[in-house]
Every structure is written in structure tokens, then in C-alpha cells.
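Participant: Sharing coords.txt below, compact mmCIF, C-alpha atoms:
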```txt
# COMPACT_ATOMS: atom_id res chain seq x y z
CA MET R 1 6.34 -33.49 -7.42
CA ASN R 2 7.98 -36.73 -8.53
CA ARG R 3 7.62 -37.25 -12.29
CA ARG R 4 8.88 -39.93 -14.60
CA PRO R 5 11.75 -38.82 -16.86
CA GLY R 6 10.70 -37.80 -20.35
CA LEU R 7 11.87 -35.99 -23.44
CA SER R 8 12.83 -32.36 -23.08
CA ALA R 9 10.75 -29.66 -24.72
CA ARG R 10 13.65 -28.85 -27.02
CA LEU R 11 13.92 -32.44 -28.22
CA ARG R 12 10.18 -32.71 -28.73
CA LEU R 13 10.18 -29.51 -30.78
CA THR R 14 13.15 -30.79 -32.79
CA ILE R 15 11.36 -34.05 -33.60
CA SER R 16 8.24 -32.10 -34.48
CA TYR R 17 10.12 -29.80 -36.87
CA ALA R 18 11.94 -32.72 -38.51
CA GLY R 19 8.78 -34.81 -38.77
CA PHE R 20 6.88 -31.95 -40.34
CA LEU R 21 9.68 -31.33 -42.83
CA LEU R 22 9.87 -35.03 -43.66
CA LEU R 23 6.10 -35.22 -44.16
CA ALA R 24 6.22 -32.17 -46.44
CA GLY R 25 8.92 -33.88 -48.54
CA ALA R 26 6.94 -37.11 -48.75
CA LEU R 27 3.84 -35.21 -49.87
CA LEU R 28 5.91 -33.44 -52.50
CA LEU R 29 7.15 -36.77 -53.83
CA ALA R 30 3.60 -38.11 -53.81
CA VAL R 31 2.50 -35.13 -55.89
CA VAL R 32 5.30 -35.86 -58.36
CA TRP R 33 4.13 -39.47 -58.60
CA VAL R 34 0.46 -38.62 -59.01
CA PHE R 35 0.78 -35.83 -61.51
CA VAL R 36 3.89 -36.84 -63.45
CA LEU R 37 4.90 -40.50 -63.28
CA ARG R 38 1.45 -41.98 -63.70
CA TRP R 39 1.12 -40.41 -67.14
CA LEU R 40 4.25 -42.16 -68.38
CA PRO R 41 3.80 -45.49 -70.21
CA SER R 42 4.61 -48.65 -68.31
CA ASN R 43 7.09 -51.27 -69.54
CA ASP R 44 4.36 -53.91 -70.31
CA PRO R 45 3.87 -53.97 -74.15
CA GLU R 46 0.85 -56.31 -74.03
CA SER R 47 -0.95 -54.01 -71.57
CA LEU R 48 -0.18 -51.05 -73.78
CA GLN R 49 -1.46 -52.82 -76.88
CA ARG R 50 -4.70 -53.82 -75.15
CA THR R 51 -5.23 -50.22 -74.00
CA PHE R 52 -3.92 -48.08 -76.83
CA GLY R 53 -3.41 -50.57 -79.72
CA PRO R 54 -0.05 -50.80 -81.45
CA VAL R 55 2.43 -48.67 -79.50
CA ILE R 56 5.97 -47.72 -80.35
CA ILE R 57 8.05 -46.72 -77.29
CA THR R 58 10.61 -44.09 -78.30
CA GLY R 59 11.76 -42.84 -74.85
CA PRO R 60 12.22 -43.88 -71.18
CA ASN R 61 9.22 -45.57 -69.69
CA ARG R 62 7.88 -45.53 -66.13
CA SER R 63 10.21 -48.24 -64.87
CA ASP R 64 13.26 -46.39 -66.17
CA LEU R 65 12.20 -43.19 -64.41
CA LEU R 66 11.38 -45.05 -61.19
CA ARG R 67 14.80 -46.66 -61.14
CA GLY R 68 16.39 -43.24 -61.53
CA PHE R 69 13.91 -41.33 -59.37
CA ALA R 70 13.61 -43.64 -56.34
CA PRO R 71 17.25 -43.40 -55.14
CA ALA R 72 17.21 -39.62 -55.60
CA ALA R 73 13.91 -39.36 -53.68
CA ALA R 74 15.27 -41.51 -50.84
CA ALA R 75 18.42 -39.38 -50.66
CA ALA R 76 16.30 -36.22 -50.64
CA LEU R 77 14.16 -37.57 -47.78
CA ALA R 78 17.26 -38.56 -45.81
CA PHE R 79 18.70 -35.09 -46.33
CA LEU R 80 15.42 -33.49 -45.25
CA LEU R 81 15.42 -35.64 -42.09
CA VAL R 82 18.97 -34.69 -41.12
CA PHE R 83 18.42 -31.05 -42.06
CA GLY R 84 15.15 -30.98 -40.12
CA LEU R 85 16.74 -32.47 -37.00
CA LEU R 86 19.72 -30.13 -37.07
CA GLY R 87 17.73 -27.02 -37.97
CA GLY R 88 14.94 -27.92 -35.55
CA TRP R 89 17.44 -28.36 -32.71
CA ILE R 90 18.96 -24.93 -33.37
CA LEU R 91 15.60 -23.20 -33.84
CA ALA R 92 14.12 -24.87 -30.73
CA GLY R 93 17.14 -23.77 -28.71
CA ARG R 94 16.70 -20.17 -29.82
CA MET R 95 12.97 -20.26 -29.21
CA LEU R 96 13.29 -21.76 -25.73
CA ALA R 97 16.23 -19.62 -24.56
CA PRO R 98 13.88 -17.20 -22.71
CA LEU R 99 12.39 -20.12 -20.79
CA THR R 100 15.85 -21.02 -19.56
CA ARG R 101 16.26 -17.56 -18.05
CA ILE R 102 12.78 -17.69 -16.53
CA ALA R 103 13.48 -21.11 -15.03
CA TYR R 104 16.76 -19.81 -13.56
CA ALA R 105 14.95 -16.87 -11.97
CA ALA R 106 12.30 -19.23 -10.59
CA ARG R 107 14.97 -21.47 -9.02
CA MET R 108 16.64 -18.45 -7.41
CA ALA R 109 13.28 -17.33 -6.03
CA ALA R 110 12.66 -20.83 -4.69
CA ASP R 111 16.04 -20.63 -2.91
CA GLY R 112 14.95 -17.39 -1.22
CA SER R 113 16.57 -14.81 -3.52
CA LEU R 114 13.70 -12.50 -4.52
CA SER R 115 15.86 -9.61 -5.71
CA HIS R 116 16.83 -11.26 -9.03
CA ARG R 117 15.01 -9.95 -12.13
CA ILE R 118 14.93 -11.38 -15.66
CA ARG R 119 14.66 -8.04 -17.48
CA MET R 120 14.43 -9.68 -20.90
CA LYS R 121 15.14 -7.36 -23.82
CA GLY R 122 13.56 -7.37 -27.25
CA ARG R 123 10.13 -6.82 -28.73
CA GLN R 124 6.98 -8.02 -27.04
CA ASP R 125 6.02 -11.67 -27.52
CA GLU R 126 4.63 -14.51 -25.41
CA PHE R 127 7.93 -15.32 -23.70
CA ARG R 128 8.78 -11.70 -22.93
CA GLY R 129 5.25 -11.17 -21.64
CA LEU R 130 5.76 -14.13 -19.32
CA ALA R 131 9.13 -12.76 -18.20
CA ASP R 132 7.67 -9.31 -17.49
CA ALA R 133 4.80 -10.86 -15.52
CA PHE R 134 7.29 -12.96 -13.56
CA ASP R 135 9.40 -9.86 -12.78
CA THR R 136 6.29 -8.04 -11.57
CA MET R 137 5.35 -10.99 -9.38
CA LEU R 138 8.85 -11.12 -7.89
CA GLU R 139 8.79 -7.39 -7.19
CA GLN R 140 5.43 -7.60 -5.43
CA LEU R 141 6.46 -10.71 -3.54
CA GLU R 142 9.73 -9.13 -2.40
CA SER R 143 7.87 -6.03 -1.24
CA HIS R 144 5.26 -8.12 0.56
CA VAL R 145 7.87 -10.29 2.30
CA ALA R 146 9.87 -7.23 3.35
CA GLU R 147 6.69 -5.62 4.67
CA GLN R 148 5.76 -8.75 6.59
CA GLN R 149 9.23 -9.04 8.09
CA ARG R 150 9.19 -5.39 9.13
CA PHE R 151 5.70 -5.78 10.53
CA ALA R 152 6.68 -8.90 12.49
CA ALA R 153 9.72 -7.16 13.92
CA ASN R 154 7.72 -4.09 14.91
CA ALA R 155 4.91 -6.20 16.37
CA SER R 156 7.39 -8.20 18.44
CA HIS R 157 8.93 -4.99 19.73
CA GLU R 158 5.55 -3.44 20.53
CA LEU R 159 4.31 -6.58 22.28
CA ARG R 160 7.50 -6.89 24.27
CA THR R 161 7.12 -3.37 25.66
CA PRO R 162 3.94 -3.91 27.74
CA LEU R 163 5.21 -7.32 28.86
CA ALA R 164 8.46 -5.77 30.05
CA ILE R 165 6.56 -3.02 31.86
CA THR R 166 4.32 -5.60 33.52
CA ARG R 167 7.34 -7.60 34.69
CA THR R 168 8.97 -4.45 36.05
CA LEU R 169 5.84 -3.52 38.00
CA LEU R 170 5.50 -7.02 39.41
CA ASP R 171 9.17 -7.11 40.41
CA ALA R 172 8.81 -3.74 42.13
CA ALA R 173 5.71 -4.97 44.00
CA ARG R 174 7.48 -8.12 45.10
CA ASN R 175 10.52 -6.20 46.33
CA ASP R 176 8.36 -3.61 48.11
CA PRO R 177 5.32 -5.33 49.66
CA ALA R 178 4.32 -2.10 51.42
CA ARG R 179 3.77 -0.32 48.10
CA ASP R 180 0.29 1.00 47.34
CA GLN R 181 -1.53 -1.92 45.70
CA GLY R 182 -4.19 0.34 44.15
CA GLU R 183 -1.61 2.23 42.12
CA LEU R 184 -0.01 -1.03 41.01
CA ILE R 185 -3.34 -2.50 39.90
CA GLU R 186 -4.22 0.67 37.99
CA ARG R 187 -0.91 0.72 36.14
CA LEU R 188 -1.13 -2.98 35.38
CA HIS R 189 -4.65 -2.45 34.07
CA THR R 190 -3.43 0.33 31.77
CA VAL R 191 -0.54 -1.75 30.43
CA ASN R 192 -2.76 -4.81 29.98
CA THR R 193 -5.36 -2.76 28.12
CA ARG R 194 -2.66 -1.50 25.77
CA ALA R 195 -1.46 -5.07 25.12
CA ILE R 196 -5.03 -6.23 24.42
CA ASN R 197 -5.65 -3.33 22.04
CA LEU R 198 -2.43 -4.10 20.23
CA THR R 199 -3.32 -7.79 19.89
CA GLU R 200 -6.81 -6.98 18.63
CA GLY R 201 -5.33 -4.55 16.13
CA LEU R 202 -2.94 -7.20 14.83
CA LEU R 203 -5.76 -9.73 14.50
CA LEU R 204 -7.90 -7.19 12.67
CA LEU R 205 -5.05 -6.43 10.27
CA SER R 206 -4.64 -10.14 9.56
CA ARG R 207 -8.36 -10.59 9.01
CA ALA R 208 -8.55 -7.65 6.61
CA ASP R 209 -5.48 -8.77 4.67
CA ARG R 210 -6.98 -12.24 4.16
CA ARG R 211 -10.29 -10.70 3.03
CA SER R 212 -12.06 -13.44 4.97
CA PHE R 213 -15.26 -11.57 5.71
CA PRO R 214 -18.82 -11.61 4.35
CA ARG R 215 -19.89 -8.73 2.11
CA GLU R 216 -23.20 -6.93 2.35
CA PRO R 217 -24.66 -3.52 1.43
CA VAL R 218 -23.36 -0.80 3.79
CA ASP R 219 -24.50 2.82 4.11
CA LEU R 220 -21.45 4.97 4.82
CA SER R 221 -23.61 7.85 6.11
CA LEU R 222 -25.10 5.64 8.83
CA ILE R 223 -21.67 4.28 9.71
CA ALA R 224 -20.31 7.83 9.99
CA GLU R 225 -23.16 8.86 12.29
CA GLU R 226 -22.64 5.80 14.50
CA ALA R 227 -18.89 6.42 14.79
CA ALA R 228 -19.47 10.10 15.58
CA GLU R 229 -22.05 9.24 18.24
CA THR R 230 -19.63 6.80 19.87
CA LEU R 231 -16.77 9.34 19.93
CA PHE R 232 -18.83 12.40 20.78
CA PRO R 233 -17.89 12.23 24.51
CA LEU R 234 -14.20 12.20 23.58
CA ALA R 235 -14.67 15.17 21.25
CA GLU R 236 -16.65 17.05 23.91
CA LYS R 237 -13.97 16.34 26.51
CA ARG R 238 -11.32 17.82 24.23
CA ARG R 239 -13.59 20.71 23.18
CA ILE R 240 -13.56 19.57 19.55
CA THR R 241 -16.53 20.30 17.29
CA LEU R 242 -17.59 17.08 15.52
CA ASP R 243 -19.82 17.50 12.46
CA VAL R 244 -21.25 14.80 10.17
CA THR R 245 -22.65 15.83 6.77
CA GLY R 246 -23.55 14.21 3.48
CA GLU R 247 -26.15 11.91 2.01
CA THR R 248 -26.91 8.22 1.71
CA THR R 249 -23.81 6.54 0.29
CA GLN R 250 -24.02 2.83 -0.43
CA THR R 251 -21.11 0.42 -0.81
CA ILE R 252 -20.47 -3.32 -0.46
CA GLY R 253 -18.35 -4.78 2.32
CA SER R 254 -18.15 -5.76 5.96
CA THR R 255 -20.19 -3.53 8.25
CA ALA R 256 -17.94 -4.29 11.24
CA LEU R 257 -14.71 -3.55 9.37
CA ILE R 258 -16.00 -0.37 7.76
CA LEU R 259 -17.28 0.82 11.15
CA ARG R 260 -13.83 0.18 12.61
CA MET R 261 -12.28 2.06 9.69
CA VAL R 262 -14.46 5.15 10.19
CA THR R 263 -14.07 5.00 13.98
CA ASN R 264 -10.28 4.94 13.68
CA LEU R 265 -10.33 7.91 11.31
CA VAL R 266 -12.60 10.00 13.51
CA GLN R 267 -10.67 9.09 16.67
CA ASN R 268 -7.37 10.02 15.03
CA ALA R 269 -8.91 13.29 13.83
CA ILE R 270 -10.01 14.10 17.39
CA VAL R 271 -6.82 13.06 19.14
CA HIS R 272 -4.41 14.66 16.65
CA ASN R 273 -6.09 18.07 16.72
CA LEU R 274 -5.71 21.43 18.37
CA PRO R 275 -5.64 21.45 22.19
CA ALA R 276 -9.03 23.17 22.15
CA GLY R 277 -11.40 24.76 19.67
CA GLY R 278 -10.58 22.35 16.85
CA THR R 279 -13.02 20.84 14.37
CA VAL R 280 -13.59 17.44 12.76
CA THR R 281 -15.81 17.13 9.69
CA VAL R 282 -17.04 13.79 8.35
CA HIS R 283 -18.68 13.92 4.91
CA THR R 284 -20.11 11.14 2.72
CA GLU R 285 -21.29 11.35 -0.87
CA PRO R 286 -21.74 9.08 -3.91
CA GLN R 287 -19.64 9.90 -6.96
CA HIS R 288 -20.42 8.08 -10.21
CA ASP R 289 -19.61 4.43 -9.42
CA ALA R 290 -17.76 5.18 -6.15
CA SER R 291 -18.72 5.94 -2.56
CA VAL R 292 -16.62 8.70 -1.00
CA LEU R 293 -15.89 9.33 2.67
CA ARG R 294 -13.94 12.41 3.78
CA VAL R 295 -12.64 13.06 7.27
CA GLU R 296 -11.05 16.48 7.76
CA ASN R 297 -9.62 17.91 10.96
CA THR R 298 -7.76 20.95 12.15
CA GLY R 299 -4.44 20.60 13.90
CA HIS R 300 -0.78 21.39 13.71
CA PRO R 301 0.89 21.48 10.26
CA LEU R 302 2.20 18.09 9.12
CA PRO R 303 5.54 17.76 7.31
CA SER R 304 5.01 16.39 3.80
CA LYS R 305 7.62 13.67 4.39
CA LEU R 306 5.65 12.37 7.38
CA VAL R 307 2.33 11.83 5.56
CA PRO R 308 3.35 8.76 3.46
CA THR R 309 4.50 6.93 6.61
CA LEU R 310 1.26 7.37 8.55
CA THR R 311 -0.33 4.22 7.09
CA GLU R 312 2.64 2.00 7.99
CA PRO R 313 2.21 -0.13 11.12
CA PHE R 314 3.75 1.37 14.27
CA GLN R 315 4.99 4.43 12.34
CA ARG R 316 3.65 7.23 14.54
CA GLY R 317 6.19 9.95 13.80
CA THR R 318 7.46 12.32 16.47
CA GLU R 319 4.83 14.91 15.66
CA ARG R 320 2.03 12.32 16.10
CA ILE R 321 2.97 10.75 19.42
CA ARG R 322 0.53 11.28 22.26
CA THR R 323 1.31 10.76 25.91
CA ASP R 324 -2.24 10.61 27.26
CA GLU R 325 -4.71 7.76 27.56
CA HIS R 326 -5.43 7.85 23.83
CA ALA R 327 -1.85 7.32 22.70
CA GLY R 328 -2.84 4.24 20.70
CA VAL R 329 -0.54 1.52 19.48
CA GLY R 330 0.42 2.92 16.09
CA LEU R 331 -2.02 0.78 14.12
CA GLY R 332 -4.90 3.21 13.58
CA LEU R 333 -4.23 4.30 10.00
CA ALA R 334 -2.53 0.99 9.19
CA ILE R 335 -5.82 -0.76 9.99
CA VAL R 336 -7.70 1.83 7.93
CA HIS R 337 -5.37 1.28 4.98
CA SER R 338 -5.71 -2.50 5.25
CA ILE R 339 -9.52 -2.34 5.40
CA VAL R 340 -9.69 0.03 2.43
CA ARG R 341 -7.41 -2.24 0.43
CA ALA R 342 -9.47 -5.31 1.37
CA HIS R 343 -12.56 -3.53 0.00
CA ASP R 344 -10.79 -2.64 -3.29
CA GLY R 345 -10.82 1.06 -2.43
CA THR R 346 -8.30 3.89 -2.34
CA LEU R 347 -6.98 5.97 0.55
CA ASP R 348 -5.62 9.48 0.07
CA LEU R 349 -3.96 11.54 2.82
CA THR R 350 -3.54 15.26 2.16
CA PRO R 351 -2.07 17.71 4.72
CA ARG R 352 -4.10 20.89 5.03
CA PRO R 353 -2.19 24.15 4.42
CA THR R 354 -3.47 25.58 7.70
CA GLY R 355 -2.73 22.41 9.66
CA GLY R 356 -4.42 19.09 10.14
CA LEU R 357 -5.20 16.35 7.66
CA LEU R 358 -7.77 15.55 4.98
CA VAL R 359 -8.43 11.83 4.54
CA THR R 360 -10.36 10.77 1.43
CA ILE R 361 -11.55 7.19 0.99
CA ARG R 362 -13.16 5.91 -2.20
CA LEU R 363 -14.92 2.56 -2.09
CA PRO R 364 -16.75 0.78 -4.91
CA GLY R 365 -20.37 1.86 -5.11
CA THR R 366 -23.32 -0.50 -4.90
CA PRO R 367 -24.50 -1.85 -8.29
CA PRO R 368 -27.99 -0.57 -9.22
CA GLN R 369 -29.62 -3.96 -8.86
CA GLU R 370 -28.21 -4.48 -5.37
CA ARG R 371 -29.07 -0.89 -4.43
CA GLY R 372 -32.67 -1.58 -5.38
CA LEU R 373 -32.75 -4.76 -3.29
CA SER R 374 -31.25 -3.02 -0.25
CA THR R 375 -33.98 -0.40 -0.24
CA CYS R 376 -36.87 -2.87 -0.40
```
Turn the structure described in the file into C-alpha cells.
Facilitator:
Amino acid sequence: MNRRPGLSARLRLTISYAGFLLLAGALLLAVVWVFVLRWLPSNDPESLQRTFGPVIITGPNRSDLLRGFAPAAAAALAFLLVFGLLGGWILAGRMLAPLTRIAYAARMAADGSLSHRIRMKGRQDEFRGLADAFDTMLEQLESHVAEQQRFAANASHELRTPLAITRTLLDAARNDPARDQGELIERLHTVNTRAINLTEGLLLLSRADRRSFPREPVDLSLIAEEAAETLFPLAEKRRITLDVTGETTQTIGSTALILRMVTNLVQNAIVHNLPAGGTVTVHTEPQHDASVLRVENTGHPLPSKLVPTLTEPFQRGTERIRTDEHAGVGLGLAIVHSIVRAHDGTLDLTPRPTGGLLVTIRLPGTPPQERGLSTC
């Protein structure tokens, strides 16, 4: 923004300090005049005789004191002005020194360097509070930018894979016209479906991160039943027992996003399970001011170091990769995490000692007044 040049904050503070000191000196001199000099007799004998009668002046009168007092008062005011300017300049510099460091950090951040931190020492005050808040903002911004860059790189790599496969299949078909067209179409359909799923997942992540969705009362128990009903054929095909328990659990959010969140969790629990005879349990319950959803599944033991990476985009882990038609694109739990965060909730992943995973989601509960309206 183009601004007209003006006085610096340090100079304005200096003038303010000096002006205040000068005003205090002038008021002090005024007090001396009001309460001291006005009680001294003037140098007009006739006026004194009319007021007090015959008067004999034996000491200095008002004029004598004014002639001696005025130069000293002027010198004192001049000294106060110089002292106020000099002292105000030094004090303002010391007071504004933290702002100089904050401004330097802001300029470095504007130039693209987000790793610089102010780390101002000393006891807590307004400037150090501002510096700490600025450091926190830089840390979050650096983490967010690094996450976005990593996500963009991974997304580019993942999108390039199906495109490269498609080109390879088309080149092979062009070089071998006698090749079975049905097999080619089927493989192209599979690759194209994967690319579409990946694109939809990326769009859903973007939508959840922007929080650009309407909010309405949502019953987690109904959402869980709908997701289980949709995925029941998949669970039956894999000989997985799918069980939904719990009670009415109200929250506020997007029905479509929460349904996608629960569907992803249940699908992951089915796919990453035992080859046969496994179980998946979905449980909902209200707890105080929170709505809790738990999805628990059997499966192979998960290394503790793998669990924190499961919510990162495209981080499948070698133990989690599938080679069948439900391999996914590595965005399942990343989408879940993004939706939970967009609804101001928490996501907790806990590996089960006997194998498998316990996923616990806590979302804000419905306020009593809205709960009453939703049941009308």
C-alpha cells in the first residue's frame, strides 16, 4: 500500500514525552505563580495605599521576584524540553526495540523465509506476547506450506501414474492392432476409475480444508448404519462380520462429509482385516458435550511407528498396501482426518494388541436447544 511519508513512531513518542514533560514544568510554574507570587505586594504604592492604607515596603516586591524568577523559569523550561527530547528518544528506542525485531522477521517471512523465529527473551509484556504469537504463526505457516508442498508433489506423482499406464496401454494397442480389445478396455476402465477416485479424493480434501459446507444436525448412529448397509456386500464377500451398535448420537456438520468419513473408516476396516473370519465393530455414543464414533477391526499387528503416518496423504505403508480392486489411492484416512478437523473434532488411532486398529472420533455434540429443534 502506498502511503504518504510521516513521522516515525519513535519520533512521535519522543515528542510526546518531551511535550508532556514541558507541560508538567509549565503547570509547576503556574502553581508557583498562583500560590506564591500573587501574595507578594506589587510595586504600585498608590494601589497598596488604596487597598491596605499606609504601607511600608521592607523587602523585595512582586516585580523584583518576577525579574529574578522569569529568566530562571525560562531556563528551566528550556532544560526540560532538551532533557525530554533526549530522554524520550532513548526511552522510545528501548521501548520500540522489540518491534524492530518483529518487523525484521516479518520482512524475512515476506521474502519466503519462514524458518526464522524471533524468540524474544525477557518477562511477559505486550511486545513479547506479540513476538510469541508471531513465532507461533510462522511455525504453523511453515508447517502448512511444507504439508501443501508435500501433498502437491505426492498428488502429482499419483496422478501421473494412471496417466502413464493409460499411455502405455494405448501405445501397446497401437503397436499391436490384433490385441484383444476387451482386455484393453477393461484395463483402461480400471486405470480411469482409479484416476477419477483420486481426483474426487483431492477435491474432497480441498473442500473439507476450506470448511465451505453448510452445517446441520447429524445423527452419527444413522450415518453408521447407512455406511454399514452400503459396505455389507464387501464385508460378506470377504467373510468379515460387520456389527453396528450404540445409540442416537447428535452432532453438527455436513451430512455428506460425515457419511464419507464413516464410509472410509468402515471400508478401511474391512479391507485391512484378516483374510477371513475377521470382525468390524462400529459404535456410537454421546459423552458429555461430545459425540463419539468408534470403529474397531481385527487384522494383522501394526507397528507403532506406522500408525502416525496413516493420516498423511498417500502414506499407505508397506503393511497397508493392497493389490486387489480395493487398493485405494492412499487418501482414505487423510480424508477422514481432514473432515474431522473441519468439524472441530479429534481423531485417535490406537493399534490393538492382538492386531487391527481402533479409531476413535470425537465431534462436538449438539447444543440442547438445537437438539430439541431437531427432534420436533
Participant: Can you work out which one of R:Val307, R:Val295, R:Ala18, R:Val31 has the shortest atom-to-atom distance to Val280 in chain R, counting only C-alpha atoms?
Facilitator: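 For Val280 in chain R, the nearest of the given residues is R:Val295.
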Participant: How far is it from CA of Leu184 in chain R to CA of Ile196 in chain R, in Å with one decimal?
Facilitator: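 Result for CA of Leu184 in chain R versus CA of Ile196 in chain R: 18.1 Å, one decimal.
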Participant: From the set R:Thr241, R:Asn192, R:Gln181, R:Ser16, which residue has the shortest atom-to-atom contact distance to Arg167 in chain R, counting only C-alpha atoms?
Facilitator: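 Looking only at the distances to Arg167 in chain R, the closest residue turns out to be R:Asn192.
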Participant: So which one's closest to Phe83 in chain R, R:Ala172, R:Leu22, R:Thr309, R:His343? Using all atoms listed in the file, please.
Facilitator: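 Ranking R:Ala172, R:Leu22, R:Thr309, R:His343 by distance to Phe83 in chain R, first place goes to R:Leu22.
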Participant: With only C-alpha atoms as the counted atoms, please give the residues lying no more than 8 Å from range 233-238 of chain R, apart from itself and same-chain residues fewer than 5 positions off, as a ChimeraX atom specification.
Facilitator: /R:270,275-276
Participant: Using all atoms listed in the file for the distances, tell me which of R:Leu11, R:Ile223, R:Leu242, R:Ala208 is nearest to Asp344 in chain R.
Facilitator: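 Of all the options, R:Ala208 lies closest to Asp344 in chain R.
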Participant: If we count all atoms listed in the file and set the cut-off at 10 Å, which residues sit around Gly299 in chain R, ignoring sequence neighbours fewer than 5 positions away in its own chain? Please answer as a VMD selection string.
Facilitator: chain R and resid 269 to 280 351 to 352 354 to 357
Participant: Compare R:His288, R:Arg187, R:His337, R:Lys121 by their minimum atom-to-atom distance to Gly365 in chain R, counting all atoms listed in the file, and give me the closest one.
Facilitator: R:His288
Participant: Can you work out the spacing between CA of Glu216 in chain R and CA of Thr346 in chain R in Å, to one decimal?
Facilitator: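 One can read the CA of Glu216 in chain R to CA of Thr346 in chain R distance as 19.0 Å.
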Participant: With all atoms listed in the file as the basis for distance, which of R:Glu296, R:Val145, R:Gln250, R:Arg150 is at the shortest distance from Glu312 in chain R?
Facilitator: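 Looking at the shortest contact to Glu312 in chain R, the residue is R:Arg150.
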Participant: Please report the interatomic distance between CA of Met108 in chain R and CA of Ser8 in chain R in Å with one decimal.
Facilitator: 21.3 Å
Participant: Near Thr311 in chain R, counting only C-alpha atoms, which residues have an atom at most 10 Å away, once you skip same-chain residues fewer than 6 positions from it, shown as JSON, numbers by chain?
Facilitator: {"R": [330, 331, 332, 333, 334, 335, 336, 337, 338, 347, 349]}
Participant: Dump as an mmCIF file with C-alpha atoms, in the frame of the given file all residues having an atom at most 12 Å from (15.0, -21.9, -27.3), computed in the file's coordinates with all atoms listed in the file.
Facilitator:
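Full text of result-v5.cif as output:
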```cif
data_model
loop_
_atom_site.group_PDB
_atom_site.id
_atom_site.type_symbol
_atom_site.label_atom_id
_atom_site.label_comp_id
_atom_site.auth_asym_id
_atom_site.auth_seq_id
_atom_site.Cartn_x
_atom_site.Cartn_y
_atom_site.Cartn_z
ATOM 1 C CA SER R 8 12.830 -32.360 -23.080
ATOM 2 C CA ALA R 9 10.750 -29.660 -24.720
ATOM 3 C CA ARG R 10 13.650 -28.850 -27.020
ATOM 4 C CA LEU R 11 13.920 -32.440 -28.220
ATOM 5 C CA ARG R 12 10.180 -32.710 -28.730
ATOM 6 C CA LEU R 13 10.180 -29.510 -30.780
ATOM 7 C CA THR R 14 13.150 -30.790 -32.790
ATOM 8 C CA GLY R 88 14.940 -27.920 -35.550
ATOM 9 C CA TRP R 89 17.440 -28.360 -32.710
ATOM 10 C CA ILE R 90 18.960 -24.930 -33.370
ATOM 11 C CA LEU R 91 15.600 -23.200 -33.840
ATOM 12 C CA ALA R 92 14.120 -24.870 -30.730
ATOM 13 C CA GLY R 93 17.140 -23.770 -28.710
ATOM 14 C CA ARG R 94 16.700 -20.170 -29.820
ATOM 15 C CA MET R 95 12.970 -20.260 -29.210
ATOM 16 C CA LEU R 96 13.290 -21.760 -25.730
ATOM 17 C CA ALA R 97 16.230 -19.620 -24.560
ATOM 18 C CA PRO R 98 13.880 -17.200 -22.710
ATOM 19 C CA LEU R 99 12.390 -20.120 -20.790
ATOM 20 C CA THR R 100 15.850 -21.020 -19.560
ATOM 21 C CA ARG R 101 16.260 -17.560 -18.050
ATOM 22 C CA ILE R 102 12.780 -17.690 -16.530
ATOM 23 C CA PHE R 127 7.930 -15.320 -23.700
#
```
Participant: For Thr248 in chain R, please output as a list in words all residues within 8 Å (counting all atoms listed in the file; exclusion window: fewer than 6 positions along the same chain).
Facilitator: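 The residues satisfying every condition are Asp219, Leu220, Ser221, Leu222, Thr284, Glu285 and Pro286 of chain R.
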